[in-house]
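*Asks:* Got upload-v9.txt for you, compact mmCIF, N, CA and C atoms:
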```txt
# COMPACT_ATOMS: atom_id res chain seq x y z
N MET A 1 -12.65 21.24 23.60
CA MET A 1 -13.29 21.64 22.36
C MET A 1 -13.20 20.50 21.37
N VAL A 2 -14.28 20.22 20.70
CA VAL A 2 -14.34 19.14 19.73
C VAL A 2 -13.99 19.70 18.36
N GLU A 3 -12.99 19.09 17.73
CA GLU A 3 -12.58 19.51 16.40
C GLU A 3 -13.46 18.82 15.35
N THR A 4 -13.85 19.56 14.36
CA THR A 4 -14.58 18.97 13.24
C THR A 4 -13.70 19.02 12.00
N ARG A 5 -14.12 18.34 10.97
CA ARG A 5 -13.32 18.33 9.74
C ARG A 5 -13.23 19.72 9.13
N GLU A 6 -14.27 20.54 9.30
CA GLU A 6 -14.26 21.86 8.71
C GLU A 6 -13.29 22.80 9.44
N SER A 7 -13.07 22.58 10.72
CA SER A 7 -12.19 23.47 11.45
C SER A 7 -10.72 23.07 11.31
N PHE A 8 -10.46 21.88 10.78
CA PHE A 8 -9.08 21.46 10.55
C PHE A 8 -8.91 21.16 9.07
N PRO A 9 -8.54 22.17 8.27
CA PRO A 9 -8.55 22.03 6.81
C PRO A 9 -7.48 21.09 6.27
N PHE A 10 -6.47 20.80 7.04
CA PHE A 10 -5.37 20.00 6.50
C PHE A 10 -5.44 18.54 6.96
N GLY A 11 -6.63 18.08 7.37
CA GLY A 11 -6.80 16.68 7.76
C GLY A 11 -6.50 15.74 6.61
N CYS A 12 -6.93 16.11 5.42
CA CYS A 12 -6.66 15.30 4.24
C CYS A 12 -5.17 15.27 3.94
N LEU A 13 -4.51 16.39 4.14
CA LEU A 13 -3.07 16.45 3.93
C LEU A 13 -2.34 15.56 4.92
N LEU A 14 -2.81 15.52 6.15
CA LEU A 14 -2.20 14.68 7.17
C LEU A 14 -2.37 13.19 6.81
N LYS A 15 -3.56 12.81 6.35
CA LYS A 15 -3.78 11.43 5.91
C LYS A 15 -2.88 11.08 4.74
N TYR A 16 -2.72 12.02 3.81
CA TYR A 16 -1.84 11.82 2.66
C TYR A 16 -0.41 11.60 3.12
N LEU A 17 0.05 12.41 4.05
CA LEU A 17 1.43 12.27 4.53
C LEU A 17 1.64 10.94 5.24
N PHE A 18 0.66 10.50 6.03
CA PHE A 18 0.78 9.20 6.69
C PHE A 18 0.80 8.06 5.67
N THR A 19 -0.01 8.17 4.63
CA THR A 19 0.00 7.16 3.58
C THR A 19 1.33 7.15 2.85
N LEU A 20 1.86 8.32 2.57
CA LEU A 20 3.16 8.42 1.90
C LEU A 20 4.28 7.85 2.76
N VAL A 21 4.26 8.17 4.05
CA VAL A 21 5.27 7.63 4.97
C VAL A 21 5.14 6.11 5.05
N GLY A 22 3.91 5.60 5.07
CA GLY A 22 3.69 4.16 5.09
C GLY A 22 4.25 3.48 3.86
N LEU A 23 4.04 4.08 2.70
CA LEU A 23 4.60 3.53 1.46
C LEU A 23 6.12 3.55 1.49
N LEU A 24 6.70 4.65 1.93
CA LEU A 24 8.16 4.75 1.98
C LEU A 24 8.76 3.75 2.97
N LEU A 25 8.11 3.57 4.11
CA LEU A 25 8.60 2.59 5.08
C LEU A 25 8.45 1.16 4.55
N PHE A 26 7.39 0.90 3.81
CA PHE A 26 7.21 -0.42 3.21
C PHE A 26 8.32 -0.70 2.20
N LEU A 27 8.63 0.29 1.36
CA LEU A 27 9.72 0.12 0.38
C LEU A 27 11.07 -0.02 1.07
N LEU A 28 11.29 0.73 2.14
CA LEU A 28 12.53 0.60 2.91
C LEU A 28 12.64 -0.79 3.52
N ASP A 29 11.54 -1.33 3.98
CA ASP A 29 11.53 -2.68 4.54
C ASP A 29 11.94 -3.70 3.49
N ILE A 30 11.45 -3.55 2.27
CA ILE A 30 11.83 -4.47 1.19
C ILE A 30 13.33 -4.39 0.91
N VAL A 31 13.85 -3.17 0.84
CA VAL A 31 15.29 -2.99 0.59
C VAL A 31 16.12 -3.62 1.71
N LEU A 32 15.72 -3.39 2.94
CA LEU A 32 16.47 -3.96 4.06
C LEU A 32 16.36 -5.48 4.12
N ASP A 33 15.22 -6.02 3.72
CA ASP A 33 15.09 -7.47 3.66
C ASP A 33 16.01 -8.07 2.61
N ILE A 34 16.08 -7.44 1.46
CA ILE A 34 16.99 -7.91 0.41
C ILE A 34 18.44 -7.81 0.88
N TRP A 35 18.76 -6.70 1.53
CA TRP A 35 20.12 -6.52 2.05
C TRP A 35 20.47 -7.62 3.07
N THR A 36 19.51 -7.98 3.92
CA THR A 36 19.73 -9.02 4.91
C THR A 36 19.98 -10.37 4.26
N VAL A 37 19.18 -10.71 3.26
CA VAL A 37 19.36 -11.99 2.56
C VAL A 37 20.72 -12.03 1.86
N VAL A 38 21.10 -10.94 1.22
CA VAL A 38 22.40 -10.88 0.55
C VAL A 38 23.53 -11.00 1.57
N SER A 39 23.38 -10.37 2.72
CA SER A 39 24.40 -10.46 3.77
C SER A 39 24.55 -11.89 4.27
N PHE A 40 23.43 -12.58 4.48
CA PHE A 40 23.49 -13.98 4.88
C PHE A 40 24.20 -14.82 3.81
N TYR A 41 23.91 -14.54 2.56
CA TYR A 41 24.54 -15.29 1.47
C TYR A 41 26.05 -15.05 1.44
N GLN A 42 26.45 -13.80 1.57
CA GLN A 42 27.87 -13.46 1.53
C GLN A 42 28.63 -14.04 2.73
N ASP A 43 27.96 -14.16 3.87
CA ASP A 43 28.59 -14.73 5.06
C ASP A 43 28.59 -16.25 5.04
N GLY A 44 27.89 -16.84 4.08
CA GLY A 44 27.82 -18.29 4.01
C GLY A 44 26.82 -18.89 4.97
N ALA A 45 25.96 -18.08 5.52
CA ALA A 45 24.93 -18.55 6.46
C ALA A 45 23.69 -18.94 5.67
N TYR A 46 23.79 -20.06 4.96
CA TYR A 46 22.73 -20.47 4.04
C TYR A 46 21.45 -20.89 4.76
N VAL A 47 21.58 -21.47 5.94
CA VAL A 47 20.38 -21.87 6.69
C VAL A 47 19.61 -20.63 7.12
N TYR A 48 20.31 -19.63 7.66
CA TYR A 48 19.64 -18.39 8.05
C TYR A 48 19.03 -17.68 6.84
N MET A 49 19.76 -17.74 5.72
CA MET A 49 19.25 -17.13 4.49
C MET A 49 17.96 -17.83 4.06
N ALA A 50 17.95 -19.15 4.10
CA ALA A 50 16.76 -19.90 3.70
C ALA A 50 15.58 -19.62 4.63
N VAL A 51 15.85 -19.56 5.92
CA VAL A 51 14.78 -19.24 6.87
C VAL A 51 14.24 -17.84 6.61
N MET A 52 15.13 -16.91 6.37
CA MET A 52 14.72 -15.53 6.10
C MET A 52 13.87 -15.45 4.83
N ILE A 53 14.29 -16.12 3.77
CA ILE A 53 13.52 -16.11 2.52
C ILE A 53 12.16 -16.76 2.74
N PHE A 54 12.13 -17.88 3.48
CA PHE A 54 10.85 -18.55 3.77
C PHE A 54 9.91 -17.62 4.52
N LEU A 55 10.41 -16.94 5.54
CA LEU A 55 9.57 -16.03 6.32
C LEU A 55 9.11 -14.83 5.48
N LEU A 56 10.00 -14.30 4.65
CA LEU A 56 9.62 -13.16 3.82
C LEU A 56 8.58 -13.54 2.79
N LEU A 57 8.78 -14.67 2.13
CA LEU A 57 7.80 -15.10 1.13
C LEU A 57 6.48 -15.48 1.78
N GLY A 58 6.55 -16.14 2.93
CA GLY A 58 5.32 -16.50 3.63
C GLY A 58 4.51 -15.29 4.04
N SER A 59 5.17 -14.29 4.60
CA SER A 59 4.45 -13.09 5.03
C SER A 59 3.92 -12.31 3.83
N SER A 60 4.67 -12.28 2.75
CA SER A 60 4.21 -11.58 1.56
C SER A 60 2.98 -12.26 0.95
N VAL A 61 3.02 -13.58 0.88
CA VAL A 61 1.87 -14.32 0.35
C VAL A 61 0.65 -14.11 1.25
N LEU A 62 0.83 -14.15 2.56
CA LEU A 62 -0.29 -13.90 3.47
C LEU A 62 -0.87 -12.50 3.28
N LEU A 63 -0.01 -11.51 3.14
CA LEU A 63 -0.46 -10.15 2.93
C LEU A 63 -1.30 -10.05 1.66
N GLN A 64 -0.84 -10.67 0.58
CA GLN A 64 -1.57 -10.60 -0.68
C GLN A 64 -2.89 -11.37 -0.62
N VAL A 65 -2.89 -12.51 0.05
CA VAL A 65 -4.13 -13.30 0.17
C VAL A 65 -5.18 -12.52 0.95
N PHE A 66 -4.80 -11.93 2.07
CA PHE A 66 -5.77 -11.16 2.85
C PHE A 66 -6.24 -9.92 2.09
N SER A 67 -5.33 -9.28 1.37
CA SER A 67 -5.71 -8.12 0.58
C SER A 67 -6.69 -8.51 -0.52
N TRP A 68 -6.41 -9.62 -1.21
CA TRP A 68 -7.31 -10.07 -2.26
C TRP A 68 -8.66 -10.48 -1.69
N LEU A 69 -8.68 -11.17 -0.54
CA LEU A 69 -9.94 -11.53 0.09
C LEU A 69 -10.74 -10.29 0.49
N TRP A 70 -10.05 -9.28 0.95
CA TRP A 70 -10.71 -8.02 1.31
C TRP A 70 -11.35 -7.39 0.08
N TYR A 71 -10.61 -7.37 -1.03
CA TYR A 71 -11.16 -6.83 -2.27
C TYR A 71 -12.34 -7.66 -2.75
N SER A 72 -12.19 -8.98 -2.77
CA SER A 72 -13.25 -9.83 -3.30
C SER A 72 -14.50 -9.77 -2.43
N ASP A 73 -14.34 -9.47 -1.15
CA ASP A 73 -15.48 -9.36 -0.25
C ASP A 73 -16.23 -8.05 -0.43
N SER A 74 -15.54 -7.03 -0.94
CA SER A 74 -16.17 -5.70 -1.02
C SER A 74 -16.05 -5.10 -2.42
N LEU A 75 -16.21 -5.90 -3.46
CA LEU A 75 -16.10 -5.38 -4.82
C LEU A 75 -17.18 -4.36 -5.14
N GLU A 76 -18.37 -4.51 -4.53
CA GLU A 76 -19.45 -3.56 -4.81
C GLU A 76 -19.24 -2.23 -4.10
N LYS A 77 -18.30 -2.15 -3.18
CA LYS A 77 -18.05 -0.92 -2.43
C LYS A 77 -16.83 -0.15 -2.94
N ILE A 78 -16.26 -0.58 -4.06
CA ILE A 78 -15.06 0.08 -4.60
C ILE A 78 -15.43 1.50 -5.02
N GLU A 79 -14.60 2.47 -4.57
CA GLU A 79 -14.90 3.87 -4.84
C GLU A 79 -13.85 4.58 -5.68
N SER A 80 -12.59 4.19 -5.56
CA SER A 80 -11.55 4.94 -6.26
C SER A 80 -11.49 4.56 -7.74
N LYS A 81 -11.01 5.49 -8.55
CA LYS A 81 -10.90 5.25 -9.98
C LYS A 81 -9.89 4.15 -10.28
N VAL A 82 -8.84 4.07 -9.49
CA VAL A 82 -7.80 3.06 -9.70
C VAL A 82 -8.39 1.67 -9.49
N GLU A 83 -9.13 1.50 -8.40
CA GLU A 83 -9.73 0.20 -8.10
C GLU A 83 -10.82 -0.16 -9.11
N LYS A 84 -11.61 0.83 -9.53
CA LYS A 84 -12.64 0.57 -10.54
C LYS A 84 -12.00 0.14 -11.85
N PHE A 85 -10.90 0.79 -12.23
CA PHE A 85 -10.19 0.42 -13.46
C PHE A 85 -9.65 -1.01 -13.35
N ALA A 86 -9.03 -1.33 -12.22
CA ALA A 86 -8.47 -2.67 -12.02
C ALA A 86 -9.58 -3.72 -12.01
N ASP A 87 -10.71 -3.41 -11.42
CA ASP A 87 -11.83 -4.36 -11.38
C ASP A 87 -12.43 -4.54 -12.77
N ARG A 88 -12.60 -3.45 -13.50
CA ARG A 88 -13.20 -3.50 -14.83
C ARG A 88 -12.34 -4.31 -15.80
N HIS A 89 -11.02 -4.23 -15.66
CA HIS A 89 -10.11 -4.94 -16.55
C HIS A 89 -9.61 -6.26 -15.95
N LEU A 90 -10.26 -6.70 -14.87
CA LEU A 90 -9.93 -7.97 -14.21
C LEU A 90 -8.46 -8.06 -13.81
N LEU A 91 -7.95 -6.99 -13.22
CA LEU A 91 -6.54 -6.92 -12.84
C LEU A 91 -6.29 -7.14 -11.34
N ILE A 92 -7.34 -7.18 -10.55
CA ILE A 92 -7.14 -7.28 -9.10
C ILE A 92 -6.47 -8.60 -8.73
N LYS A 93 -6.96 -9.69 -9.28
CA LYS A 93 -6.37 -10.99 -8.95
C LYS A 93 -4.94 -11.13 -9.49
N PRO A 94 -4.67 -10.75 -10.76
CA PRO A 94 -3.27 -10.83 -11.23
C PRO A 94 -2.31 -9.94 -10.44
N PHE A 95 -2.77 -8.75 -10.05
CA PHE A 95 -1.91 -7.88 -9.23
C PHE A 95 -1.51 -8.58 -7.94
N HIS A 96 -2.47 -9.22 -7.30
CA HIS A 96 -2.17 -9.90 -6.05
C HIS A 96 -1.32 -11.14 -6.28
N PHE A 97 -1.56 -11.84 -7.37
CA PHE A 97 -0.73 -13.01 -7.68
C PHE A 97 0.72 -12.60 -7.91
N LEU A 98 0.94 -11.44 -8.53
CA LEU A 98 2.29 -10.93 -8.79
C LEU A 98 2.85 -10.15 -7.60
N GLN A 99 2.18 -10.24 -6.45
CA GLN A 99 2.63 -9.58 -5.22
C GLN A 99 2.60 -8.06 -5.33
N LEU A 100 1.67 -7.52 -6.11
CA LEU A 100 1.56 -6.08 -6.30
C LEU A 100 0.28 -5.49 -5.70
N GLY A 101 -0.44 -6.29 -4.93
CA GLY A 101 -1.72 -5.83 -4.39
C GLY A 101 -1.60 -4.64 -3.46
N ILE A 102 -0.54 -4.59 -2.69
CA ILE A 102 -0.40 -3.47 -1.75
C ILE A 102 -0.15 -2.15 -2.50
N TYR A 103 0.51 -2.24 -3.65
CA TYR A 103 0.73 -1.03 -4.45
C TYR A 103 -0.58 -0.56 -5.07
N LEU A 104 -1.47 -1.49 -5.41
CA LEU A 104 -2.80 -1.14 -5.88
C LEU A 104 -3.55 -0.39 -4.79
N ARG A 105 -3.41 -0.85 -3.55
CA ARG A 105 -4.05 -0.17 -2.43
C ARG A 105 -3.49 1.23 -2.23
N PHE A 106 -2.16 1.36 -2.28
CA PHE A 106 -1.56 2.69 -2.13
C PHE A 106 -2.00 3.61 -3.26
N ALA A 107 -2.03 3.11 -4.49
CA ALA A 107 -2.45 3.93 -5.63
C ALA A 107 -3.90 4.38 -5.46
N SER A 108 -4.75 3.48 -4.96
CA SER A 108 -6.15 3.88 -4.76
C SER A 108 -6.27 4.91 -3.65
N GLN A 109 -5.45 4.79 -2.62
CA GLN A 109 -5.47 5.79 -1.55
C GLN A 109 -5.02 7.15 -2.06
N PHE A 110 -3.95 7.17 -2.85
CA PHE A 110 -3.47 8.45 -3.36
C PHE A 110 -4.47 9.08 -4.32
N SER A 111 -5.23 8.26 -5.04
CA SER A 111 -6.22 8.82 -5.97
C SER A 111 -7.43 9.38 -5.23
N ASN A 112 -7.61 9.02 -3.96
CA ASN A 112 -8.75 9.51 -3.18
C ASN A 112 -8.54 10.90 -2.61
N TYR A 113 -7.32 11.38 -2.58
CA TYR A 113 -7.06 12.67 -1.95
C TYR A 113 -7.43 13.80 -2.89
N SER A 114 -8.43 14.55 -2.49
CA SER A 114 -8.98 15.60 -3.36
C SER A 114 -8.01 16.75 -3.55
N PHE A 115 -7.12 17.00 -2.58
CA PHE A 115 -6.23 18.14 -2.74
C PHE A 115 -5.18 17.88 -3.81
N LEU A 116 -4.99 16.61 -4.20
CA LEU A 116 -4.08 16.32 -5.31
C LEU A 116 -4.73 16.66 -6.65
N LYS A 117 -6.05 16.57 -6.69
CA LYS A 117 -6.78 16.85 -7.92
C LYS A 117 -6.91 18.36 -8.15
N SER A 118 -7.14 19.08 -7.08
CA SER A 118 -7.22 20.53 -7.18
C SER A 118 -6.70 21.12 -5.88
N SER A 119 -6.13 22.25 -5.99
CA SER A 119 -5.58 22.87 -4.79
C SER A 119 -6.54 23.91 -4.21
N SER A 120 -7.84 23.72 -4.42
CA SER A 120 -8.82 24.69 -3.92
C SER A 120 -8.81 24.75 -2.40
N LEU A 121 -8.50 23.63 -1.74
CA LEU A 121 -8.43 23.61 -0.29
C LEU A 121 -7.31 24.52 0.19
N LEU A 122 -6.17 24.46 -0.49
CA LEU A 122 -5.04 25.28 -0.08
C LEU A 122 -5.26 26.74 -0.43
N ARG A 123 -5.98 27.04 -1.51
CA ARG A 123 -6.24 28.43 -1.87
C ARG A 123 -7.24 29.07 -0.90
N LYS A 124 -8.10 28.22 -0.30
CA LYS A 124 -9.13 28.73 0.59
C LYS A 124 -8.52 29.31 1.86
N TYR A 125 -7.41 28.73 2.32
CA TYR A 125 -6.83 29.17 3.58
C TYR A 125 -5.51 29.84 3.39
```
Would it be possible to restate this file's structure as structure tokens?
*Replies:*
Amino acid sequence: MVETRESFPFGCLLKYLFTLVGLLLFLLDIVLDIWTVVSFYQDGAYVYMAVMIFLLLGSSVLLQVFSWLWYSDSLEKIESKVEKFADRHLLIKPFHFLQLGIYLRFASQFSNYSFLKSSSLLRKY
């Protein structure tokens, strides 16, 4: 049997939960990375600490560059209110420069979920 969106009313809720779990895992990764760098520092393993910081900063910069390129390539397709606000006030590039681009993406994803705006979906079932 083929499921359609109408027969599975909590599809949006499932997407929301996956986005929330993704955000929480991303934040946990940042905390664990900081903990690792501090542990290297306390152990006196300065070379490992430097390599770890280099890799963390390099991957973070790459993430922000690709995110910004994705935004700049599709500015006319922006749909969420968060992204429209950031674009209107020229905040997309500064957010990415300050390494906050991924949080802009998460905020735009959370603003897209209609069940957060109204609980009519939950009242229906």
*Asks:* Write out as a ChimeraX atom specification each polymer residue whose atoms come within 12 Å of Ser60 in chain A, counting only C-alpha atoms; drop sequence neighbours fewer than 6 positions from it.
*Replies:* /A:26,29-30,33,53-54,66-67,96-102
*Asks:* Can you list every residue in chain A that DSSP puts in helix (DSSP H, G or I), as a PyMOL selection string?
*Replies:* chain A and resi 11-43+46-73+75-77+81-88+92-97+101-112+114-117+120-124
*Asks:* So what do you get for atom N of Glu76 in chain A versus atom C of Thr19 in chain A, distance-wise?
*Replies:*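 Computing it gives 24.1 Å between the two atoms.
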*Asks:* To one decimal in Å, tell me the separation between atom C of Gln109 in chain A and CA of Tyr16 in chain A.
*Replies:*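 Atom C of Gln109 in chain A sits 7.4 Å away from CA of Tyr16 in chain A.
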*Asks:* Which residue is closest to Arg105 in chain A? Choose from A:Glu83, A:Leu69, A:Cys12, A:Tyr41 and count only N, CA and C atoms.
*Replies:*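 So, comparing all the options, the nearest one is A:Glu83.
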*Asks:* At a cut-off of 6 Å around the point (-8.9, 5.7, -5.2) (file coordinates), what residues fall inside when counting all atoms listed in the file? I'd like the answer as a PyMOL selection string.
*Replies:* chain A and resi 79-83+107-112
*Asks:* List every protein, DNA or RNA residue with an atom no more than 7 Å from (19.8, -16.2, 8.2) in the file's coordinates, counting only C-alpha atoms, and format the result as JSON, numbers by chain.
*Replies:* {"A": [40, 45, 46, 47, 48, 49, 50, 51, 52]}
*Asks:* Mind giving me the straight-line distance from CA of Leu63 in chain A to atom C of Tyr103 in chain A in Å, one decimal?
*Replies:*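 One can read the CA of Leu63 in chain A to atom C of Tyr103 in chain A distance as 12.5 Å.
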